[in-house]
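Colleague: So here's start-v8.pdb (PDB, C-alpha atoms).
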```pdb
ATOM      1  CA  MET T   1      33.914   1.873 -26.914
ATOM      2  CA  ARG T   2      37.543   2.747 -27.525
ATOM      3  CA  LEU T   3      37.448   5.692 -29.872
ATOM      4  CA  PHE T   4      39.296   8.534 -28.228
ATOM      5  CA  ILE T   5      42.909   7.719 -28.926
ATOM      6  CA  PHE T   6      44.853   8.864 -31.928
ATOM      7  CA  ILE T   7      48.393   8.555 -33.269
ATOM      8  CA  PRO T   8      49.362  11.867 -34.878
ATOM      9  CA  PHE T   9      51.461  10.952 -37.904
ATOM     10  CA  PHE T  10      50.125   8.089 -40.069
ATOM     11  CA  PHE T  11      51.644   8.601 -43.484
ATOM     12  CA  THR T  12      53.889   6.468 -45.639
ATOM     13  CA  VAL T  13      57.241   8.251 -45.374
ATOM     14  CA  ALA T  14      60.572   7.606 -47.097
ATOM     15  CA  LEU T  15      63.695   9.251 -45.647
ATOM     16  CA  ALA T  16      67.388   9.357 -46.497
ATOM     17  CA  SER T  17      67.898   6.416 -44.158
ATOM     18  CA  ALA T  18      66.009   4.309 -46.742
ATOM     19  CA  GLN T  19      63.390   3.443 -44.148
ATOM     20  CA  VAL T  20      59.682   3.734 -44.793
ATOM     21  CA  THR T  21      56.692   3.900 -42.495
ATOM     22  CA  GLN T  22      53.794   1.917 -43.882
ATOM     23  CA  LYS T  23      50.284   1.738 -42.438
ATOM     24  CA  ARG T  24      47.360  -0.510 -43.290
ATOM     25  CA  THR T  25      43.817  -0.280 -41.919
ATOM     26  CA  LEU T  26      41.563  -3.326 -41.896
ATOM     27  CA  SER T  27      38.520  -4.673 -40.082
ATOM     28  CA  MET T  28      39.318  -7.734 -37.983
ATOM     29  CA  LEU T  29      37.872  -9.216 -34.800
ATOM     30  CA  GLY T  30      34.789  -7.136 -35.492
ATOM     31  CA  SER T  31      36.846  -3.979 -34.888
ATOM     32  CA  PRO T  32      39.106  -1.512 -36.700
ATOM     33  CA  PHE T  33      42.632  -2.918 -36.991
ATOM     34  CA  GLU T  34      45.565  -0.651 -37.868
ATOM     35  CA  MET T  35      49.074  -1.942 -38.366
ATOM     36  CA  THR T  36      52.048   0.376 -38.844
ATOM     37  CA  VAL T  37      55.623  -0.791 -39.400
ATOM     38  CA  VAL T  38      58.970   0.772 -40.162
ATOM     39  CA  ALA T  39      60.943  -1.211 -42.773
ATOM     40  CA  LYS T  40      63.569  -0.778 -45.462
ATOM     41  CA  ASP T  41      60.970  -0.516 -48.242
ATOM     42  CA  ILE T  42      57.246  -0.825 -48.870
ATOM     43  CA  PRO T  43      57.293  -4.467 -50.100
ATOM     44  CA  GLU T  44      59.089  -5.533 -46.908
ATOM     45  CA  ALA T  45      56.688  -3.506 -44.789
ATOM     46  CA  ASP T  46      53.709  -5.101 -46.533
ATOM     47  CA  LEU T  47      55.184  -8.552 -45.876
ATOM     48  CA  TYR T  48      55.375  -7.797 -42.158
ATOM     49  CA  ILE T  49      51.822  -6.475 -42.115
ATOM     50  CA  ASP T  50      50.666  -9.653 -43.869
ATOM     51  CA  MET T  51      52.366 -11.623 -41.088
ATOM     52  CA  SER T  52      50.451  -9.564 -38.548
ATOM     53  CA  VAL T  53      47.122 -10.266 -40.233
ATOM     54  CA  ALA T  54      47.903 -13.996 -40.285
ATOM     55  CA  GLU T  55      48.752 -13.885 -36.581
ATOM     56  CA  VAL T  56      45.401 -12.258 -35.792
ATOM     57  CA  SER T  57      43.605 -15.069 -37.612
ATOM     58  CA  ARG T  58      45.695 -17.739 -35.906
ATOM     59  CA  ILE T  59      44.917 -16.453 -32.427
ATOM     60  CA  GLU T  60      41.281 -15.761 -33.241
ATOM     61  CA  ASN T  61      40.956 -19.468 -33.977
ATOM     62  CA  LEU T  62      42.297 -20.230 -30.497
ATOM     63  CA  ILE T  63      40.458 -17.815 -28.225
ATOM     64  CA  SER T  64      37.248 -16.649 -29.930
ATOM     65  CA  ASP T  65      34.078 -17.843 -28.222
ATOM     66  CA  TRP T  66      31.936 -17.163 -31.308
ATOM     67  CA  ILE T  67      33.829 -19.700 -33.473
ATOM     68  CA  PRO T  68      32.503 -23.122 -32.378
ATOM     69  CA  THR T  69      35.712 -25.035 -33.110
ATOM     70  CA  THR T  70      38.089 -22.993 -30.945
ATOM     71  CA  PRO T  71      39.526 -24.385 -27.698
ATOM     72  CA  ILE T  72      37.653 -21.717 -25.709
ATOM     73  CA  SER T  73      34.351 -22.683 -27.357
ATOM     74  CA  GLN T  74      35.042 -26.318 -26.471
ATOM     75  CA  VAL T  75      35.709 -25.337 -22.858
ATOM     76  CA  ASN T  76      32.343 -23.575 -22.838
ATOM     77  CA  LYS T  77      30.596 -26.504 -24.507
ATOM     78  CA  TYR T  78      31.686 -28.923 -21.794
ATOM     79  CA  ALA T  79      31.075 -26.624 -18.822
ATOM     80  CA  GLY T  80      29.997 -28.674 -15.837
ATOM     81  CA  ILE T  81      30.735 -31.894 -17.732
ATOM     82  CA  LYS T  82      34.469 -32.412 -18.165
ATOM     83  CA  PRO T  83      37.841 -30.645 -18.445
ATOM     84  CA  VAL T  84      39.026 -29.736 -21.939
ATOM     85  CA  GLU T  85      42.648 -29.896 -23.050
ATOM     86  CA  VAL T  86      43.830 -26.608 -24.573
ATOM     87  CA  PRO T  87      47.073 -25.307 -26.135
ATOM     88  CA  GLN T  88      49.612 -23.878 -23.719
ATOM     89  CA  GLU T  89      49.181 -20.259 -24.798
ATOM     90  CA  VAL T  90      45.424 -20.492 -24.180
ATOM     91  CA  LEU T  91      45.983 -22.046 -20.757
ATOM     92  CA  ASP T  92      48.498 -19.336 -19.872
ATOM     93  CA  LEU T  93      46.170 -16.536 -21.021
ATOM     94  CA  VAL T  94      43.285 -17.853 -18.932
ATOM     95  CA  GLU T  95      45.601 -18.228 -15.939
ATOM     96  CA  ARG T  96      46.764 -14.610 -16.286
ATOM     97  CA  SER T  97      43.125 -13.529 -16.624
ATOM     98  CA  ILE T  98      42.335 -15.176 -13.308
ATOM     99  CA  ARG T  99      45.235 -13.340 -11.662
ATOM    100  CA  ILE T 100      43.839 -10.016 -12.885
ATOM    101  CA  SER T 101      40.437 -11.031 -11.507
ATOM    102  CA  GLU T 102      42.109 -11.566  -8.147
ATOM    103  CA  LEU T 103      43.918  -8.242  -8.417
ATOM    104  CA  THR T 104      40.688  -6.374  -9.146
ATOM    105  CA  SER T 105      38.555  -8.293  -6.629
ATOM    106  CA  GLY T 106      36.501  -9.763  -9.466
ATOM    107  CA  ALA T 107      35.780  -6.475 -11.249
ATOM    108  CA  PHE T 108      37.465  -8.068 -14.279
ATOM    109  CA  ASP T 109      36.166 -11.581 -14.925
ATOM    110  CA  ILE T 110      36.390 -13.586 -18.163
ATOM    111  CA  SER T 111      33.385 -15.672 -17.103
ATOM    112  CA  TYR T 112      31.266 -12.559 -17.813
ATOM    113  CA  ALA T 113      30.069 -14.431 -20.913
ATOM    114  CA  SER T 114      27.869 -16.486 -18.545
ATOM    115  CA  MET T 115      25.662 -13.444 -17.898
ATOM    116  CA  ASP T 116      22.065 -13.249 -19.038
ATOM    117  CA  LYS T 117      21.791 -10.314 -21.432
ATOM    118  CA  ILE T 118      19.077  -8.406 -19.581
ATOM    119  CA  TRP T 119      20.507  -4.940 -20.189
ATOM    120  CA  LYS T 120      19.980  -3.450 -23.645
ATOM    121  CA  PHE T 121      21.939  -0.441 -24.875
ATOM    122  CA  ASP T 122      20.297  -0.058 -28.287
ATOM    123  CA  GLY T 123      17.574   2.328 -27.136
ATOM    124  CA  SER T 124      14.977  -0.420 -26.624
ATOM    125  CA  MET T 125      14.958  -0.440 -22.801
ATOM    126  CA  THR T 126      12.059   1.426 -21.214
ATOM    127  CA  GLN T 127      12.562   0.349 -17.609
ATOM    128  CA  MET T 128      15.202  -1.180 -15.406
ATOM    129  CA  PRO T 129      15.261  -4.947 -14.897
ATOM    130  CA  THR T 130      13.973  -6.107 -11.521
ATOM    131  CA  PRO T 131      16.493  -6.633  -8.696
ATOM    132  CA  GLU T 132      15.742 -10.363  -8.830
ATOM    133  CA  ALA T 133      16.432 -10.527 -12.573
ATOM    134  CA  ILE T 134      19.668  -8.587 -12.110
ATOM    135  CA  LYS T 135      20.821 -10.933  -9.346
ATOM    136  CA  ASN T 136      19.948 -14.033 -11.366
ATOM    137  CA  SER T 137      21.682 -12.678 -14.474
ATOM    138  CA  VAL T 138      25.116 -13.156 -12.913
ATOM    139  CA  SER T 139      24.442 -16.380 -11.006
ATOM    140  CA  LYS T 140      26.748 -18.395 -13.285
ATOM    141  CA  VAL T 141      29.567 -15.831 -13.279
ATOM    142  CA  GLY T 142      32.578 -16.464 -11.080
ATOM    143  CA  TYR T 143      36.269 -16.735 -11.924
ATOM    144  CA  LYS T 144      36.842 -18.958  -8.875
ATOM    145  CA  ASN T 145      34.917 -21.683 -10.705
ATOM    146  CA  ILE T 146      37.448 -21.758 -13.548
ATOM    147  CA  ILE T 147      39.654 -24.761 -12.777
ATOM    148  CA  ILE T 148      43.072 -24.953 -14.432
ATOM    149  CA  ASP T 149      45.114 -28.164 -14.481
ATOM    150  CA  LYS T 150      48.623 -27.223 -15.566
ATOM    151  CA  LYS T 151      49.891 -30.806 -15.571
ATOM    152  CA  ASN T 152      47.260 -31.961 -18.058
ATOM    153  CA  SER T 153      46.853 -28.562 -19.756
ATOM    154  CA  THR T 154      43.099 -28.517 -19.196
ATOM    155  CA  ILE T 155      40.459 -25.953 -18.287
ATOM    156  CA  PHE T 156      37.247 -26.963 -16.539
ATOM    157  CA  LEU T 157      34.234 -24.769 -15.814
ATOM    158  CA  LYS T 158      32.665 -26.182 -12.678
ATOM    159  CA  ASN T 159      29.084 -25.179 -13.356
ATOM    160  CA  GLU T 160      26.888 -26.047 -16.297
ATOM    161  CA  GLY T 161      26.001 -22.929 -18.262
ATOM    162  CA  MET T 162      29.273 -21.164 -17.485
ATOM    163  CA  LYS T 163      31.059 -19.523 -20.395
ATOM    164  CA  LEU T 164      34.366 -17.795 -20.932
ATOM    165  CA  GLY T 165      34.680 -14.701 -23.094
ATOM    166  CA  LEU T 166      38.085 -13.189 -23.721
ATOM    167  CA  GLY T 167      36.817  -9.942 -25.230
ATOM    168  CA  GLY T 168      38.163  -7.899 -22.324
ATOM    169  CA  ILE T 169      41.723  -9.152 -22.705
ATOM    170  CA  GLY T 170      41.959 -10.881 -26.078
ATOM    171  CA  GLN T 171      42.624  -7.849 -28.258
ATOM    172  CA  GLY T 172      45.423  -6.757 -25.958
ATOM    173  CA  PHE T 173      46.841 -10.290 -26.016
ATOM    174  CA  ILE T 174      46.800 -10.280 -29.826
ATOM    175  CA  ALA T 175      48.506  -6.877 -30.000
ATOM    176  CA  ASP T 176      51.303  -8.176 -27.768
ATOM    177  CA  LYS T 177      51.663 -11.341 -29.847
ATOM    178  CA  ILE T 178      51.983  -9.308 -33.050
ATOM    179  CA  LYS T 179      54.622  -7.088 -31.486
ATOM    180  CA  ALA T 180      56.579 -10.136 -30.276
ATOM    181  CA  LEU T 181      56.357 -11.755 -33.709
ATOM    182  CA  LEU T 182      57.547  -8.700 -35.621
ATOM    183  CA  THR T 183      60.361  -7.826 -33.228
ATOM    184  CA  SER T 184      61.580 -11.433 -33.537
ATOM    185  CA  LYS T 185      61.728 -10.866 -37.307
ATOM    186  CA  GLY T 186      63.874  -7.769 -36.818
ATOM    187  CA  VAL T 187      61.237  -5.071 -37.330
ATOM    188  CA  VAL T 188      62.781  -2.049 -35.604
ATOM    189  CA  ALA T 189      59.619  -0.025 -34.965
ATOM    190  CA  GLY T 190      55.887  -0.137 -35.280
ATOM    191  CA  ILE T 191      52.415   0.276 -33.826
ATOM    192  CA  VAL T 192      49.650  -2.250 -33.371
ATOM    193  CA  ASN T 193      46.245  -0.634 -32.881
ATOM    194  CA  ILE T 194      43.294  -2.978 -32.397
ATOM    195  CA  SER T 195      40.295  -0.751 -31.780
ATOM    196  CA  GLY T 196      42.279   1.438 -29.393
ATOM    197  CA  ASP T 197      44.376  -1.321 -27.820
ATOM    198  CA  ILE T 198      47.713   0.184 -28.790
ATOM    199  CA  ASN T 199      51.230  -1.223 -28.437
ATOM    200  CA  THR T 200      54.358   0.443 -29.764
ATOM    201  CA  TRP T 201      58.056  -0.201 -30.124
ATOM    202  CA  GLY T 202      60.987   1.709 -31.576
ATOM    203  CA  LYS T 203      60.653   5.242 -32.926
ATOM    204  CA  GLN T 204      59.371   7.049 -35.982
ATOM    205  CA  THR T 205      61.726   7.332 -38.941
ATOM    206  CA  ASN T 206      62.528  10.937 -38.004
ATOM    207  CA  GLY T 207      63.788   9.778 -34.606
ATOM    208  CA  GLU T 208      60.800  11.060 -32.677
ATOM    209  CA  LYS T 209      58.852   8.936 -30.225
ATOM    210  CA  TRP T 210      55.415   7.656 -31.115
ATOM    211  CA  LYS T 211      52.750   9.807 -29.446
ATOM    212  CA  VAL T 212      49.197   9.192 -28.362
ATOM    213  CA  GLY T 213      46.530  11.825 -27.768
ATOM    214  CA  ILE T 214      43.748  11.390 -25.213
ATOM    215  CA  LYS T 215      40.370  13.100 -25.590
ATOM    216  CA  ASN T 216      37.687  13.876 -23.066
ATOM    217  CA  PRO T 217      34.569  12.095 -24.385
ATOM    218  CA  LEU T 218      32.473  15.120 -23.385
ATOM    219  CA  ASN T 219      34.641  17.350 -25.568
ATOM    220  CA  LYS T 220      35.420  15.140 -28.552
ATOM    221  CA  ASN T 221      36.964  17.893 -30.632
ATOM    222  CA  LYS T 222      39.800  18.630 -28.237
ATOM    223  CA  ILE T 223      42.769  16.503 -27.199
ATOM    224  CA  PHE T 224      43.512  17.405 -23.607
ATOM    225  CA  ALA T 225      46.888  15.628 -23.381
ATOM    226  CA  THR T 226      49.482  14.026 -25.652
ATOM    227  CA  PHE T 227      51.819  11.354 -24.307
ATOM    228  CA  PRO T 228      54.962   9.759 -25.753
ATOM    229  CA  LEU T 229      54.917   5.966 -25.951
ATOM    230  CA  VAL T 230      58.296   4.260 -25.642
ATOM    231  CA  ASP T 231      58.065   0.481 -26.092
ATOM    232  CA  SER T 232      54.791   0.568 -24.193
ATOM    233  CA  ALA T 233      51.035   0.234 -24.485
ATOM    234  CA  VAL T 234      47.824   2.131 -23.785
ATOM    235  CA  GLU T 235      44.160   1.126 -23.792
ATOM    236  CA  THR T 236      40.974   3.101 -23.213
ATOM    237  CA  SER T 237      37.651   1.682 -22.026
ATOM    238  CA  GLY T 238      34.633   3.934 -22.236
ATOM    239  CA  SER T 239      30.875   4.158 -22.015
ATOM    240  CA  TYR T 240      30.384   7.424 -23.851
ATOM    241  CA  GLU T 241      28.277   5.886 -26.612
ATOM    242  CA  LYS T 242      26.556   2.853 -25.077
ATOM    243  CA  TYR T 243      24.587   3.640 -21.950
ATOM    244  CA  VAL T 244      21.079   3.991 -20.551
ATOM    245  CA  THR T 245      19.633   6.530 -18.124
ATOM    246  CA  PHE T 246      16.993   5.787 -15.491
ATOM    247  CA  ASN T 247      15.794   8.243 -12.857
ATOM    248  CA  GLY T 248      18.551  10.638 -13.850
ATOM    249  CA  LYS T 249      21.330   8.074 -13.324
ATOM    250  CA  ARG T 250      23.599   7.024 -16.172
ATOM    251  CA  TYR T 251      24.361   3.296 -16.515
ATOM    252  CA  SER T 252      27.226   2.201 -18.780
ATOM    253  CA  HIS T 253      27.306  -0.876 -21.011
ATOM    254  CA  ILE T 254      30.208  -2.188 -18.917
ATOM    255  CA  ILE T 255      28.584  -4.472 -16.351
ATOM    256  CA  ASP T 256      29.899  -5.170 -12.877
ATOM    257  CA  THR T 257      29.618  -8.950 -13.007
ATOM    258  CA  ARG T 258      29.771  -9.126  -9.219
ATOM    259  CA  THR T 259      26.410  -7.394  -8.895
ATOM    260  CA  GLY T 260      24.785  -7.491 -12.334
ATOM    261  CA  TYR T 261      24.448  -3.710 -12.376
ATOM    262  CA  PRO T 262      26.173  -1.542 -14.995
ATOM    263  CA  ALA T 263      29.135   0.491 -13.825
ATOM    264  CA  SER T 264      28.324   4.147 -13.184
ATOM    265  CA  GLY T 265      30.146   7.379 -12.434
ATOM    266  CA  VAL T 266      32.891   6.903 -15.053
ATOM    267  CA  ILE T 267      32.857   7.730 -18.759
ATOM    268  CA  SER T 268      36.329   6.550 -19.734
ATOM    269  CA  VAL T 269      39.583   5.250 -18.323
ATOM    270  CA  SER T 270      42.935   4.972 -20.109
ATOM    271  CA  VAL T 271      45.616   2.631 -18.799
ATOM    272  CA  PHE T 272      49.322   2.852 -19.647
ATOM    273  CA  ALA T 273      51.403  -0.316 -19.217
ATOM    274  CA  LYS T 274      54.237  -2.326 -20.778
ATOM    275  CA  THR T 275      51.819  -4.831 -22.314
ATOM    276  CA  THR T 276      48.523  -4.227 -24.053
ATOM    277  CA  GLU T 277      47.086  -7.381 -22.528
ATOM    278  CA  PHE T 278      47.456  -6.052 -19.000
ATOM    279  CA  ALA T 279      46.301  -2.549 -19.986
ATOM    280  CA  ASP T 280      43.229  -4.027 -21.695
ATOM    281  CA  ALA T 281      42.105  -6.155 -18.756
ATOM    282  CA  LEU T 282      42.995  -3.637 -16.072
ATOM    283  CA  ALA T 283      41.089  -0.855 -17.868
ATOM    284  CA  THR T 284      37.889  -2.897 -17.663
ATOM    285  CA  GLY T 285      38.527  -3.763 -14.033
ATOM    286  CA  ILE T 286      39.228  -0.261 -12.794
ATOM    287  CA  PHE T 287      36.374   1.178 -14.858
ATOM    288  CA  VAL T 288      34.073  -1.015 -12.787
ATOM    289  CA  LEU T 289      35.900  -0.229  -9.532
ATOM    290  CA  GLY T 290      35.420   3.511 -10.027
ATOM    291  CA  VAL T 291      37.733   6.483  -9.610
ATOM    292  CA  ASP T 292      38.679   6.255  -5.934
ATOM    293  CA  VAL T 293      39.244   2.503  -5.672
ATOM    294  CA  GLY T 294      40.742   2.292  -9.160
ATOM    295  CA  LEU T 295      43.294   5.040  -8.550
ATOM    296  CA  ASP T 296      44.242   3.492  -5.223
ATOM    297  CA  LEU T 297      44.904   0.169  -6.959
ATOM    298  CA  VAL T 298      46.874   1.642  -9.860
ATOM    299  CA  ASN T 299      48.997   3.727  -7.502
ATOM    300  CA  GLN T 300      50.182   0.466  -5.939
ATOM    301  CA  LEU T 301      51.230  -1.071  -9.279
ATOM    302  CA  PRO T 302      54.792  -0.194 -10.383
ATOM    303  CA  GLY T 303      55.037   1.097 -13.945
ATOM    304  CA  ILE T 304      51.268   1.385 -14.451
ATOM    305  CA  GLY T 305      49.438   4.662 -14.998
ATOM    306  CA  CYS T 306      45.845   5.652 -15.660
ATOM    307  CA  ILE T 307      43.625   8.603 -16.510
ATOM    308  CA  TYR T 308      39.930   8.710 -15.611
ATOM    309  CA  VAL T 309      37.178  10.924 -16.982
ATOM    310  CA  ASP T 310      34.121  10.877 -14.727
ATOM    311  CA  GLU T 311      30.509  11.421 -15.779
ATOM    312  CA  ASN T 312      30.865  15.161 -15.181
ATOM    313  CA  GLY T 313      33.890  15.413 -17.445
ATOM    314  CA  LYS T 314      36.354  15.831 -14.582
ATOM    315  CA  ILE T 315      39.787  14.322 -15.190
ATOM    316  CA  PHE T 316      41.778  12.316 -12.654
ATOM    317  CA  ALA T 317      45.242  10.784 -13.060
ATOM    318  CA  SER T 318      47.347   8.304 -11.123
ATOM    319  CA  LYS T 319      50.226   9.735  -9.130
ATOM    320  CA  ASN T 320      52.868   8.832 -11.744
ATOM    321  CA  ILE T 321      51.183  10.823 -14.522
ATOM    322  CA  ASP T 322      51.878  14.560 -14.616
ATOM    323  CA  LEU T 323      48.971  15.904 -16.631
ATOM    324  CA  LYS T 324      50.410  19.423 -16.602
ATOM    325  CA  LYS T 325      53.528  18.170 -18.387
ATOM    326  CA  TYR T 326      51.580  16.625 -21.267
ATOM    327  CA  LYS T 327      48.465  18.773 -21.287
ATOM    328  CA  ASN T 328      47.602  20.525 -24.532
ATOM    329  CA  GLU T 329      46.786  24.154 -24.007
TER     330      GLU T 329
END
```
Translate the structure of the given file into structure tokens.
Modeller:
Amino acid sequence: MRLFIFIPFFFTVALASAQVTQKRTLSMLGSPFEMTVVAKDIPEADLYIDMSVAEVSRIENLISDWIPTTPISQVNKYAGIKPVEVPQEVLDLVERSIRISELTSGAFDISYASMDKIWKFDGSMTQMPTPEAIKNSVSKVGYKNIIIDKKNSTIFLKNEGMKLGLGGIGQGFIADKIKALLTSKGVVAGIVNISGDINTWGKQTNGEKWKVGIKNPLNKNKIFATFPLVDSAVETSGSYEKYVTFNGKRYSHIIDTRTGYPASGVISVSVFAKTTEFADALATGIFVLGVDVGLDLVNQLPGIGCIYVDENGKIFASKNIDLKKYKNE
């Protein structure tokens, strides 16, 4: 889903300043995980990367809905039955998720996990689900039925069968947590890249800014623009690989949980923000909202930028992004 971002340097480099840039690629959270840090030597860099890996595991055991012992899984287990006490950082993350749901008019909704899985994007679908089945598939979805009690640090899902899934915000949250951890340890620069959820800080050892290249999914061999990232984040959501087509219309694997129908008209959207968490969630939301509504929303958000690629390969950018300035000829 998030394949068309690259960081054009990625080598272990030692300079006269005695700093090194060390990168490690792993598979975590069911996704590619790349960690890059600048440190005084390789052993120190490896220590920081080990810290990052441990932080991923720690948070995974708080927010994953596929691990039965996590607080989120317990919230899901007792949906419609009773509130569940959760750690403060889980409560805060769910509260921020609800605020993004409000911002996007429900286009982003962590209760999407309540949906019936009636759409298949593995090539097995031969016809569209019926309108009734589509409507019923999202009957348990609704962020307004997520009840937070700050005083008692509990989360309660009002309706039996409701479920929370933090897949649309969790990777961004983890990237931010890793960045906060490493900067608190004095790491001067680095990149966290969790399957295209990218957060950066500091600069490369040669003094240059980190850069990110964006590709048009319909022209995978060409980067159409390269952007500097200065203590900031970027995330891309896309449907260029998982989709179905019925009656000549392309339906993405990203479902509008308000209607039960897959989002259409957009192939990818990249969001630039200060935090990966916000970029991650907003990218899903504005993908569903579509180009016109999504751009209108982003243009009202200070410090946020986005780039859309529609199903015809046409590129649109928010008003604070000058594509001509960063476009690759």
Colleague: I would like the residues chosen by the PyMOL selection byres ((chain T and resi 60-65) around 8) on the shown file; could you give them as a ChimeraX atom specification?
Modeller: /T:29,56-59,66-73,90,164-166,170
Colleague: Within 10 Å of stretch 174-193 of chain T, which residues of stretch 273-295 of chain T show up? Give each one with its shortest atom-to-atom distance in Å (one decimal) and the two atoms involved, counting all atoms listed in the file, rows by chain then rising residue number, as CSV.
Modeller:
```
residue,atom,partner,partner_atom,distance
T:Lys274,CA,T:Asp176,CA,9.6
T:Thr275,CA,T:Asp176,CA,6.4
T:Thr276,CA,T:Asp176,CA,6.1
T:Glu277,CA,T:Asp176,CA,6.8
T:Phe278,CA,T:Asp176,CA,9.8
```
Colleague: Mind giving me the axis-aligned box for stretch 145-151 of chain T with 4 Å on every side, centre plus edges in Å to one decimal, as AutoDock Vina command-line options?
Modeller:
```
--center_x 42.4 --center_y -26.2 --center_z -13.1 --size_x 23.0 --size_y 17.1 --size_z 12.9
```
Colleague: Can you work out the spacing between atom CA of T:Cys306 and atom CA of T:Val271 in Å, to one decimal?
Modeller: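 Interatomic distance, atom CA of T:Cys306 to atom CA of T:Val271: 4.4 Å.
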Colleague: Using the chain letters and numbers from the file, give me the residues hit by the PyMOL selection byres ((chain T and resi 294) around 10), as an mmCIF file with C-alpha atoms, in the frame of the given file.
Modeller:
```
data_model
loop_
_atom_site.group_PDB
_atom_site.id
_atom_site.type_symbol
_atom_site.label_atom_id
_atom_site.label_comp_id
_atom_site.auth_asym_id
_atom_site.auth_seq_id
_atom_site.Cartn_x
_atom_site.Cartn_y
_atom_site.Cartn_z
ATOM 1 C CA THR T 104 40.688 -6.374 -9.146
ATOM 2 C CA VAL T 269 39.583 5.250 -18.323
ATOM 3 C CA LEU T 282 42.995 -3.637 -16.072
ATOM 4 C CA ALA T 283 41.089 -0.855 -17.868
ATOM 5 C CA GLY T 285 38.527 -3.763 -14.033
ATOM 6 C CA ILE T 286 39.228 -0.261 -12.794
ATOM 7 C CA PHE T 287 36.374 1.178 -14.858
ATOM 8 C CA VAL T 288 34.073 -1.015 -12.787
ATOM 9 C CA LEU T 289 35.900 -0.229 -9.532
ATOM 10 C CA GLY T 290 35.420 3.511 -10.027
ATOM 11 C CA VAL T 291 37.733 6.483 -9.610
ATOM 12 C CA ASP T 292 38.679 6.255 -5.934
ATOM 13 C CA VAL T 293 39.244 2.503 -5.672
ATOM 14 C CA LEU T 295 43.294 5.040 -8.550
ATOM 15 C CA ASP T 296 44.242 3.492 -5.223
ATOM 16 C CA LEU T 297 44.904 0.169 -6.959
ATOM 17 C CA VAL T 298 46.874 1.642 -9.860
ATOM 18 C CA ASN T 299 48.997 3.727 -7.502
ATOM 19 C CA CYS T 306 45.845 5.652 -15.660
ATOM 20 C CA TYR T 308 39.930 8.710 -15.611
ATOM 21 C CA SER T 318 47.347 8.304 -11.123
#
```
Colleague: Using the incomplete input, complete stretch 205-215 of chain T to the level of N, CA, C and O atoms; output as a short mmCIF file (atom, residue, chain, number, x, y, z; two decimals), in the coordinates of the input.
Modeller:
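Done, and the output landed in out.cif:
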```
data_model
loop_
_atom_site.label_atom_id
_atom_site.label_comp_id
_atom_site.auth_asym_id
_atom_site.auth_seq_id
_atom_site.Cartn_x
_atom_site.Cartn_y
_atom_site.Cartn_z
N THR T 205 60.54 7.25 -38.09
CA THR T 205 61.73 7.33 -38.94
C THR T 205 62.49 8.65 -38.77
O THR T 205 63.67 8.74 -39.11
N ASN T 206 61.83 9.66 -38.24
CA ASN T 206 62.53 10.94 -38.00
C ASN T 206 63.18 10.99 -36.62
O ASN T 206 63.68 12.02 -36.20
N GLY T 207 63.15 9.86 -35.92
CA GLY T 207 63.79 9.78 -34.61
C GLY T 207 62.90 10.16 -33.45
O GLY T 207 63.29 10.01 -32.28
N GLU T 208 61.71 10.66 -33.75
CA GLU T 208 60.80 11.06 -32.68
C GLU T 208 60.05 9.85 -32.10
O GLU T 208 59.83 8.85 -32.79
N LYS T 209 59.62 9.99 -30.86
CA LYS T 209 58.85 8.94 -30.22
C LYS T 209 57.44 8.91 -30.82
O LYS T 209 56.93 9.92 -31.29
N TRP T 210 56.83 7.73 -30.79
CA TRP T 210 55.42 7.66 -31.12
C TRP T 210 54.65 8.45 -30.04
O TRP T 210 55.06 8.47 -28.88
N LYS T 211 53.54 9.04 -30.41
CA LYS T 211 52.75 9.81 -29.45
C LYS T 211 51.28 9.42 -29.54
O LYS T 211 50.79 9.06 -30.61
N VAL T 212 50.62 9.50 -28.41
CA VAL T 212 49.20 9.19 -28.36
C VAL T 212 48.46 10.36 -27.72
O VAL T 212 48.92 10.93 -26.73
N GLY T 213 47.33 10.74 -28.31
CA GLY T 213 46.53 11.82 -27.77
C GLY T 213 45.28 11.28 -27.11
O GLY T 213 44.64 10.36 -27.62
N ILE T 214 44.92 11.82 -25.96
CA ILE T 214 43.75 11.39 -25.21
C ILE T 214 42.70 12.50 -25.25
O ILE T 214 43.01 13.67 -24.97
N LYS T 215 41.46 12.13 -25.56
CA LYS T 215 40.37 13.10 -25.59
C LYS T 215 39.42 12.89 -24.42
O LYS T 215 39.27 11.78 -23.92
#
```
